[in-house]
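K.L.:
Dropping in input25.tsv, with TSV, C-alpha atoms.
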chain	number	residue	atom	x	y	z
A	1	MET	CA	-1.65	35.79	6.53
A	2	PRO	CA	-0.27	32.31	5.73
A	3	ARG	CA	-2.82	29.58	5.29
A	4	GLU	CA	-3.04	27.31	8.26
A	5	ARG	CA	-1.57	23.96	7.33
A	6	SER	CA	-4.13	21.23	7.49
A	7	TYR	CA	-3.36	17.54	7.40
A	8	LEU	CA	-7.00	16.52	7.13
A	9	ARG	CA	-6.64	15.99	3.41
A	10	TYR	CA	-4.00	13.36	4.11
A	11	GLN	CA	-6.69	11.22	5.70
A	12	LEU	CA	-8.44	11.36	2.37
A	13	TYR	CA	-5.23	10.59	0.46
A	14	ARG	CA	-4.53	7.53	2.63
A	15	SER	CA	-8.05	6.27	2.20
A	16	LEU	CA	-7.92	6.85	-1.56
A	17	ALA	CA	-4.58	5.06	-1.95
A	18	ARG	CA	-5.85	2.02	-0.03
A	19	LYS	CA	-9.11	1.96	-1.97
A	20	GLN	CA	-7.41	2.23	-5.35
A	21	ALA	CA	-4.99	-0.55	-4.40
A	22	SER	CA	-7.95	-2.75	-3.41
A	23	ILE	CA	-9.71	-2.17	-6.72
A	24	ALA	CA	-6.60	-2.67	-8.85
A	25	THR	CA	-5.83	-5.91	-7.00
A	26	ALA	CA	-9.39	-7.21	-7.18
A	27	LEU	CA	-9.49	-6.67	-10.94
A	28	LEU	CA	-6.44	-8.84	-11.50
A	29	GLN	CA	-7.14	-12.07	-13.35
A	30	LEU	CA	-5.48	-14.95	-11.54
A	31	PRO	CA	-5.25	-18.66	-12.31
A	32	ALA	CA	-8.17	-20.76	-11.06
A	33	GLY	CA	-8.19	-21.28	-7.33
A	34	GLN	CA	-6.57	-17.96	-6.55
A	35	ASP	CA	-8.60	-14.92	-5.69
A	36	LEU	CA	-7.21	-11.55	-4.71
A	37	SER	CA	-10.65	-9.94	-4.54
A	38	LYS	CA	-10.65	-10.92	-0.86
A	39	VAL	CA	-7.61	-8.74	-0.20
A	40	ARG	CA	-8.32	-5.61	1.81
A	41	PHE	CA	-6.08	-2.63	2.46
A	42	GLU	CA	-7.03	-1.04	5.77
A	43	PRO	CA	-5.44	1.34	8.27
A	44	ILE	CA	-3.49	-0.14	11.17
A	45	ASP	CA	-6.30	0.28	13.67
A	46	ALA	CA	-7.39	-1.46	16.85
A	47	LYS	CA	-8.74	-4.42	14.87
A	48	ALA	CA	-5.43	-4.87	13.05
A	49	LEU	CA	-3.47	-4.61	16.27
A	50	GLY	CA	-5.78	-7.18	17.84
A	51	ALA	CA	-5.16	-9.57	14.92
A	52	PHE	CA	-1.43	-8.83	15.12
A	53	GLU	CA	-1.43	-10.30	18.65
A	54	LEU	CA	-2.13	-13.69	17.04
A	55	TRP	CA	1.11	-13.62	15.04
A	56	ASP	CA	3.79	-16.04	16.25
A	57	ASP	CA	7.07	-14.39	17.03
A	58	PRO	CA	6.70	-11.13	15.05
A	59	HIS	CA	9.80	-9.04	14.60
A	60	PHE	CA	8.35	-5.62	15.43
A	61	CYS	CA	6.02	-4.36	18.09
A	62	TRP	CA	3.42	-2.74	15.84
A	63	ARG	CA	1.59	-1.25	18.82
A	64	GLU	CA	4.09	1.63	18.60
A	65	ILE	CA	2.52	2.63	15.29
A	66	ALA	CA	-0.43	4.32	17.01
A	67	GLU	CA	2.00	6.87	18.44
A	68	TRP	CA	3.93	7.17	15.16
A	69	LYS	CA	0.73	7.87	13.28
A	70	SER	CA	-0.16	10.81	15.52
A	71	ARG	CA	3.41	12.12	15.35
A	72	GLU	CA	3.66	11.81	11.56
A	73	PRO	CA	0.44	13.18	10.06
A	74	LEU	CA	1.61	12.69	6.46
A	75	SER	CA	2.40	9.02	6.93
A	76	LEU	CA	0.61	6.03	5.39
A	77	ASP	CA	-0.13	2.91	7.42
A	78	ILE	CA	-1.39	-0.24	5.76
A	79	ALA	CA	-2.82	-3.42	7.20
A	80	ILE	CA	-3.11	-6.07	4.49
A	81	TRP	CA	-5.94	-8.52	5.11
A	82	PHE	CA	-7.14	-11.61	3.31
A	83	GLU	CA	-10.72	-11.97	4.47
A	84	GLU	CA	-10.35	-11.99	8.27
A	85	GLN	CA	-6.64	-12.88	8.35
A	86	LEU	CA	-4.12	-10.12	8.89
A	87	CYS	CA	-1.24	-11.00	6.55
A	88	GLY	CA	0.98	-7.91	6.48
A	89	LEU	CA	1.70	-4.55	8.04
A	90	CYS	CA	3.44	-1.54	6.56
A	91	PHE	CA	4.32	1.99	7.63
A	92	VAL	CA	5.68	4.62	5.24
A	93	ASN	CA	6.48	8.26	5.79
A	94	PRO	CA	7.25	11.05	3.30
A	95	ASN	CA	9.94	13.59	4.04
A	96	LYS	CA	9.00	17.23	4.64
A	97	SER	CA	9.14	18.18	0.98
A	98	ARG	CA	7.10	15.03	0.11
A	99	GLN	CA	9.52	14.38	-2.73
A	100	ARG	CA	10.64	11.12	-1.16
A	101	ILE	CA	8.57	8.46	0.60
A	102	ARG	CA	10.39	6.13	2.94
A	103	ILE	CA	9.27	2.61	3.74
A	104	VAL	CA	10.01	2.56	7.43
A	105	ARG	CA	8.62	-0.86	8.33
A	106	LEU	CA	7.27	-3.75	6.33
A	107	GLU	CA	6.51	-7.17	7.74
A	108	GLY	CA	4.49	-10.18	6.69
A	109	ARG	CA	2.86	-12.58	9.09
A	110	SER	CA	5.33	-14.99	10.62
A	111	GLY	CA	4.65	-18.48	11.93
A	112	VAL	CA	1.70	-20.06	10.18
A	113	PRO	CA	1.42	-19.98	6.36
A	114	HIS	CA	-0.96	-17.31	5.09
A	115	PRO	CA	-2.75	-16.83	1.74
A	116	LEU	CA	-0.70	-13.78	0.72
A	117	LYS	CA	2.72	-15.33	1.20
A	118	LYS	CA	5.09	-14.17	-1.61
A	119	ARG	CA	2.85	-11.14	-2.21
A	120	ILE	CA	3.21	-8.85	0.82
A	121	ALA	CA	5.90	-6.59	-0.71
A	122	LEU	CA	3.98	-6.41	-3.99
A	123	LEU	CA	0.64	-5.57	-2.41
A	124	SER	CA	2.25	-2.93	-0.21
A	125	MET	CA	3.93	-1.38	-3.23
A	126	VAL	CA	0.65	-1.07	-5.12
A	127	ALA	CA	-0.74	1.08	-2.30
A	128	ILE	CA	2.50	2.97	-1.61
A	129	ASP	CA	2.98	3.84	-5.28
A	130	GLU	CA	-0.59	5.09	-5.44
A	131	PHE	CA	-0.08	7.25	-2.37
A	132	ALA	CA	3.22	8.55	-3.77
A	133	GLN	CA	1.46	9.67	-6.94
A	134	ILE	CA	-1.36	11.33	-5.02
A	135	ILE	CA	0.97	13.43	-2.88
A	136	GLY	CA	3.39	14.11	-5.73
A	137	SER	CA	6.44	12.19	-4.53
A	138	LYS	CA	9.23	11.52	-6.99
A	139	CYS	CA	10.84	8.56	-5.32
A	140	ILE	CA	10.16	5.66	-2.95
A	141	GLU	CA	13.01	4.60	-0.66
A	142	VAL	CA	13.37	1.52	1.50
A	143	GLN	CA	14.80	3.11	4.61
A	144	GLU	CA	16.37	0.02	6.13
A	145	PRO	CA	16.02	-2.95	3.82
A	146	ILE	CA	16.63	-6.34	5.38
A	147	PRO	CA	19.59	-7.85	3.46
A	148	GLY	CA	17.62	-11.04	2.71
A	149	ALA	CA	14.86	-8.96	1.14
A	150	ILE	CA	17.03	-7.02	-1.32
A	151	PRO	CA	16.39	-9.52	-4.19
A	152	VAL	CA	12.65	-8.92	-3.65
A	153	TYR	CA	13.10	-5.17	-4.01
A	154	THR	CA	15.32	-5.65	-7.05
A	155	GLU	CA	12.54	-7.65	-8.68
A	156	LEU	CA	10.17	-4.80	-7.87
A	157	GLY	CA	12.44	-2.40	-9.77
A	158	PHE	CA	14.37	-0.79	-6.90
A	159	LYS	CA	18.01	0.14	-7.44
A	160	PHE	CA	20.77	1.50	-5.24
A	161	ASP	CA	21.46	5.16	-6.03
A	162	PHE	CA	24.89	6.79	-5.90
A	163	GLU	CA	24.41	7.42	-2.18
A	164	GLY	CA	23.71	3.77	-1.51
A	165	ARG	CA	19.98	4.20	-0.96
A	166	LEU	CA	17.57	1.60	-2.30
A	167	VAL	CA	15.13	3.63	-4.39
A	168	LEU	CA	12.44	3.42	-7.03
A	169	ALA	CA	11.37	6.39	-9.18
A	170	VAL	CA	7.65	7.14	-9.11
A	171	GLU	CA	6.21	7.16	-12.61
A	172	SER	CA	3.14	8.97	-13.80
A	173	LYS	CA	0.05	7.10	-14.93
A	174	VAL	CA	-0.42	6.10	-18.53
A	175	SER	CA	-3.75	5.43	-20.20
B	1	MET	CA	-51.44	14.99	-8.99
B	2	ARG	CA	-48.16	13.20	-8.43
B	3	LYS	CA	-45.09	15.16	-7.75
B	4	SER	CA	-42.40	14.77	-10.33
B	5	VAL	CA	-39.12	13.60	-8.90
B	6	LYS	CA	-36.19	15.52	-10.20
B	7	LYS	CA	-32.89	13.79	-10.55
B	8	SER	CA	-29.86	15.39	-9.01
B	9	PRO	CA	-27.91	17.32	-11.64
B	10	THR	CA	-24.64	16.00	-10.23
B	11	LYS	CA	-24.02	12.57	-11.61
B	12	LYS	CA	-22.77	10.17	-8.98
B	13	ARG	CA	-19.83	8.04	-10.02
B	14	SER	CA	-20.53	4.34	-9.79
B	15	ILE	CA	-18.11	1.70	-8.57
B	16	LYS	CA	-17.91	0.40	-12.13
B	17	THR	CA	-16.79	3.81	-13.32
B	18	ASP	CA	-14.18	3.87	-10.57
B	19	GLU	CA	-12.91	0.48	-11.65
B	20	LYS	CA	-12.71	1.58	-15.27
B	21	LEU	CA	-10.85	4.71	-14.23
B	22	ILE	CA	-8.35	2.75	-12.23
B	23	SER	CA	-7.80	-0.05	-14.72
B	24	SER	CA	-7.09	2.45	-17.45
B	25	GLU	CA	-4.83	4.63	-15.32
B	26	LEU	CA	-1.96	2.64	-13.98
B	27	SER	CA	1.64	3.73	-13.90
B	28	ALA	CA	4.29	1.50	-15.45
B	29	ASN	CA	5.40	0.56	-11.92
B	30	GLN	CA	1.87	-0.45	-10.94
B	31	GLN	CA	1.43	-2.47	-14.11
B	32	ARG	CA	4.65	-4.32	-13.27
B	33	PHE	CA	3.58	-4.92	-9.65
B	34	LEU	CA	0.23	-6.30	-10.76
B	35	GLN	CA	1.89	-8.54	-13.32
B	36	LEU	CA	4.22	-9.89	-10.63
B	37	LEU	CA	1.27	-10.39	-8.27
B	38	ILE	CA	0.00	-13.20	-10.48
B	39	THR	CA	2.80	-15.51	-9.40
B	40	GLY	CA	4.18	-13.65	-6.38
B	41	ILE	CA	7.88	-13.40	-5.53
B	42	GLU	CA	9.61	-16.60	-4.46
B	43	ASP	CA	11.53	-16.64	-1.17
B	44	GLU	CA	9.96	-13.44	0.12
B	45	PRO	CA	11.06	-13.17	3.75
B	46	ASN	CA	8.50	-12.19	6.40
B	47	LEU	CA	10.63	-9.30	7.51
B	48	LEU	CA	11.15	-6.87	4.62
B	49	ALA	CA	12.12	-3.48	6.03
B	50	GLY	CA	12.83	-1.81	9.33
B	51	ARG	CA	15.42	-1.38	12.00
B	52	ARG	CA	16.42	-4.73	13.44
Using the file provided, produce a representation of the structure as structure tokens.
P.N.:
Amino acid sequence: MPRERSYLRYQLYRSLARKQASIATALLQLPAGQDLSKVRFEPIDAKALGAFELWDDPHFCWREIAEWKSREPLSLDIAIWFEEQLCGLCFVNPNKSRQRIRIVRLEGRSGVPHPLKKRIALLSMVAIDEFAQIIGSKCIEVQEPIPGAIPVYTELGFKFDFEGRLVLAVESKVS
Amino acid sequence: MRKSVKKSPTKKRSIKTDEKLISSELSANQQRFLQLLITGIEDEPNLLAGRR
């Protein structure tokens, strides 16, 4: 009899990826006056959605994510906080084989300046890459990159493949 | 006579051990991301991915 497929372990994987991203970020030595130890990677929960309501003129309605999360049990949702300020939101989803993880949505806080400006893509990638390694993905793809953001992805190491997809190979850890 | 308290045979991992584990196990991508985090990426738009 085939083993019943359980997605419970994905809750653990999500939590682990966020936690590892928090620790790796907190350990980073920054110039005086800058402190990433106050960065938190959390799920997009009611608190995050409440803080999202304070954003001026956001592009996406992130309230939809609650439904997406229940529909896509393998997905990873990330709310990036600096202390009590919500600075970024991200939703990624692996394909069925888990070989490829797609960044479906990624947005930083619009309107007022925030302490993680210039770092939202980077912080998201730390957590996404961690998650990709945990679930055994081979590649991270930006599903629909915003044209103005392509230089950011290029700096992160993404390249267009022969099918025109913006991708980054997942590498294994080195000691 | 006082009861002797036995320590659990399973050693609990401390946060410091976790940190050591993570700092010594980063992929090349993660090392690059963390290096870039020091300065950030200039001209990062707020909207980075998603259907317009």
K.L.:
With all atoms listed in the file as the basis for distance, which of A:Tyr10, A:Phe41, A:Phe91, A:Phe82 is at the shortest distance from chain B?
P.N.:
A:Phe91
K.L.:
Taking only C-alpha atoms into account, which residues of chain B are within 6 Å of chain A, as a list in words?
P.N.:
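Putting it all together, I get Ser24, Glu25, Leu26, Ser27, Gln30, Phe33, Ile38, Gly40, Ile41, Glu42, Glu44, Asn46, Leu47, Leu48, Ala49 and Gly50 of chain B.
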K.L.:
What separation in Å, quoted to one decimal, exists between atom CA of A:Val92 and atom CA of A:Pro113?
P.N.:
25.0 Å
K.L.:
Work out how far apart atom CA of A:Val112 and atom CA of A:Asp56 are and give it in Å to one decimal.
P.N.:
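One can read the atom CA of A:Val112 to atom CA of A:Asp56 distance as 7.6 Å.
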K.L.:
Please, which residues are within 10 Å of (6.8, 17.6, 5.7) by the file's coordinates, counting all atoms listed in the file, and could they come as a ChimeraX atom specification?
P.N.:
/A:72-75,93-99
K.L.:
As number ranges by chain, please: the residues near A:Trp62 (cut-off 9 Å, all atoms listed in the file, same-chain neighbours under 6 positions excluded).
P.N.:
A: 44, 49, 52, 89
K.L.:
Quick one, how far is atom CA of A:Glu83 from atom CA of A:Ala132?
P.N.:
26.1 Å
K.L.:
What would stretch 102-129 of chain A look like with N, CA and C atoms in place, written as a PDB file, in the frame of the given file?
P.N.:
ATOM      1  N   ARG A 102       9.544   7.189   2.391  1.00  0.00           N
ATOM      2  CA  ARG A 102      10.390   6.130   2.940  1.00  0.00           C
ATOM      3  C   ARG A 102       9.548   4.992   3.508  1.00  0.00           C
ATOM      4  N   ILE A 103       9.908   3.788   3.130  1.00  0.00           N
ATOM      5  CA  ILE A 103       9.270   2.610   3.740  1.00  0.00           C
ATOM      6  C   ILE A 103      10.031   2.366   5.039  1.00  0.00           C
ATOM      7  N   VAL A 104       9.357   2.640   6.125  1.00  0.00           N
ATOM      8  CA  VAL A 104      10.010   2.560   7.430  1.00  0.00           C
ATOM      9  C   VAL A 104       9.952   1.136   7.975  1.00  0.00           C
ATOM     10  N   ARG A 105       8.795   0.518   7.855  1.00  0.00           N
ATOM     11  CA  ARG A 105       8.620  -0.860   8.330  1.00  0.00           C
ATOM     12  C   ARG A 105       7.731  -1.635   7.380  1.00  0.00           C
ATOM     13  N   LEU A 106       8.105  -2.877   7.153  1.00  0.00           N
ATOM     14  CA  LEU A 106       7.270  -3.750   6.330  1.00  0.00           C
ATOM     15  C   LEU A 106       7.482  -5.184   6.806  1.00  0.00           C
ATOM     16  N   GLU A 107       6.396  -5.817   7.196  1.00  0.00           N
ATOM     17  CA  GLU A 107       6.510  -7.170   7.740  1.00  0.00           C
ATOM     18  C   GLU A 107       5.291  -8.010   7.359  1.00  0.00           C
ATOM     19  N   GLY A 108       5.563  -9.221   6.936  1.00  0.00           N
ATOM     20  CA  GLY A 108       4.490 -10.180   6.690  1.00  0.00           C
ATOM     21  C   GLY A 108       4.305 -11.069   7.896  1.00  0.00           C
ATOM     22  N   ARG A 109       3.163 -11.723   7.944  1.00  0.00           N
ATOM     23  CA  ARG A 109       2.860 -12.580   9.090  1.00  0.00           C
ATOM     24  C   ARG A 109       3.863 -13.710   9.197  1.00  0.00           C
ATOM     25  N   SER A 110       4.386 -13.901  10.393  1.00  0.00           N
ATOM     26  CA  SER A 110       5.330 -14.990  10.620  1.00  0.00           C
ATOM     27  C   SER A 110       4.590 -16.185  11.225  1.00  0.00           C
ATOM     28  N   GLY A 111       5.255 -17.293  11.318  1.00  0.00           N
ATOM     29  CA  GLY A 111       4.650 -18.480  11.930  1.00  0.00           C
ATOM     30  C   GLY A 111       3.849 -19.274  10.923  1.00  0.00           C
ATOM     31  N   VAL A 112       2.557 -19.231  11.048  1.00  0.00           N
ATOM     32  CA  VAL A 112       1.700 -20.060  10.180  1.00  0.00           C
ATOM     33  C   VAL A 112       1.712 -19.540   8.737  1.00  0.00           C
ATOM     34  N   PRO A 113       1.524 -20.445   7.750  1.00  0.00           N
ATOM     35  CA  PRO A 113       1.420 -19.980   6.360  1.00  0.00           C
ATOM     36  C   PRO A 113       0.161 -19.123   6.199  1.00  0.00           C
ATOM     37  N   HIS A 114       0.230 -18.143   5.325  1.00  0.00           N
ATOM     38  CA  HIS A 114      -0.960 -17.310   5.090  1.00  0.00           C
ATOM     39  C   HIS A 114      -1.197 -17.184   3.584  1.00  0.00           C
ATOM     40  N   PRO A 115      -2.397 -16.813   3.182  1.00  0.00           N
ATOM     41  CA  PRO A 115      -2.750 -16.830   1.740  1.00  0.00           C
ATOM     42  C   PRO A 115      -2.014 -15.803   0.897  1.00  0.00           C
ATOM     43  N   LEU A 116      -1.373 -14.818   1.514  1.00  0.00           N
ATOM     44  CA  LEU A 116      -0.700 -13.780   0.720  1.00  0.00           C
ATOM     45  C   LEU A 116       0.828 -13.907   0.781  1.00  0.00           C
ATOM     46  N   LYS A 117       1.282 -15.078   1.189  1.00  0.00           N
ATOM     47  CA  LYS A 117       2.720 -15.330   1.200  1.00  0.00           C
ATOM     48  C   LYS A 117       3.266 -15.118  -0.212  1.00  0.00           C
ATOM     49  N   LYS A 118       4.425 -14.513  -0.338  1.00  0.00           N
ATOM     50  CA  LYS A 118       5.090 -14.170  -1.610  1.00  0.00           C
ATOM     51  C   LYS A 118       4.517 -12.884  -2.229  1.00  0.00           C
ATOM     52  N   ARG A 119       3.502 -12.299  -1.577  1.00  0.00           N
ATOM     53  CA  ARG A 119       2.850 -11.140  -2.210  1.00  0.00           C
ATOM     54  C   ARG A 119       2.773  -9.921  -1.292  1.00  0.00           C
ATOM     55  N   ILE A 120       3.356  -9.978  -0.116  1.00  0.00           N
ATOM     56  CA  ILE A 120       3.210  -8.850   0.820  1.00  0.00           C
ATOM     57  C   ILE A 120       3.930  -7.605   0.294  1.00  0.00           C
ATOM     58  N   ALA A 121       5.159  -7.757  -0.187  1.00  0.00           N
ATOM     59  CA  ALA A 121       5.900  -6.590  -0.710  1.00  0.00           C
ATOM     60  C   ALA A 121       5.157  -6.006  -1.907  1.00  0.00           C
ATOM     61  N   LEU A 122       4.680  -6.878  -2.781  1.00  0.00           N
ATOM     62  CA  LEU A 122       3.980  -6.410  -3.990  1.00  0.00           C
ATOM     63  C   LEU A 122       2.701  -5.657  -3.650  1.00  0.00           C
ATOM     64  N   LEU A 123       1.904  -6.226  -2.773  1.00  0.00           N
ATOM     65  CA  LEU A 123       0.640  -5.570  -2.410  1.00  0.00           C
ATOM     66  C   LEU A 123       0.909  -4.231  -1.736  1.00  0.00           C
ATOM     67  N   SER A 124       1.908  -4.198  -0.874  1.00  0.00           N
ATOM     68  CA  SER A 124       2.250  -2.930  -0.210  1.00  0.00           C
ATOM     69  C   SER A 124       2.643  -1.893  -1.249  1.00  0.00           C
ATOM     70  N   MET A 125       3.440  -2.329  -2.221  1.00  0.00           N
ATOM     71  CA  MET A 125       3.930  -1.380  -3.230  1.00  0.00           C
ATOM     72  C   MET A 125       2.815  -0.807  -4.089  1.00  0.00           C
ATOM     73  N   VAL A 126       1.781  -1.588  -4.337  1.00  0.00           N
ATOM     74  CA  VAL A 126       0.650  -1.070  -5.120  1.00  0.00           C
ATOM     75  C   VAL A 126       0.037   0.136  -4.390  1.00  0.00           C
ATOM     76  N   ALA A 127      -0.145  -0.011  -3.084  1.00  0.00           N
ATOM     77  CA  ALA A 127      -0.740   1.080  -2.300  1.00  0.00           C
ATOM     78  C   ALA A 127       0.239   2.239  -2.108  1.00  0.00           C
ATOM     79  N   ILE A 128       1.500   1.913  -1.854  1.00  0.00           N
ATOM     80  CA  ILE A 128       2.500   2.970  -1.610  1.00  0.00           C
ATOM     81  C   ILE A 128       2.691   3.806  -2.883  1.00  0.00           C
ATOM     82  N   ASP A 129       2.787   3.131  -4.017  1.00  0.00           N
ATOM     83  CA  ASP A 129       2.980   3.840  -5.280  1.00  0.00           C
ATOM     84  C   ASP A 129       1.782   4.759  -5.571  1.00  0.00           C
TER      85      ASP A 129
END
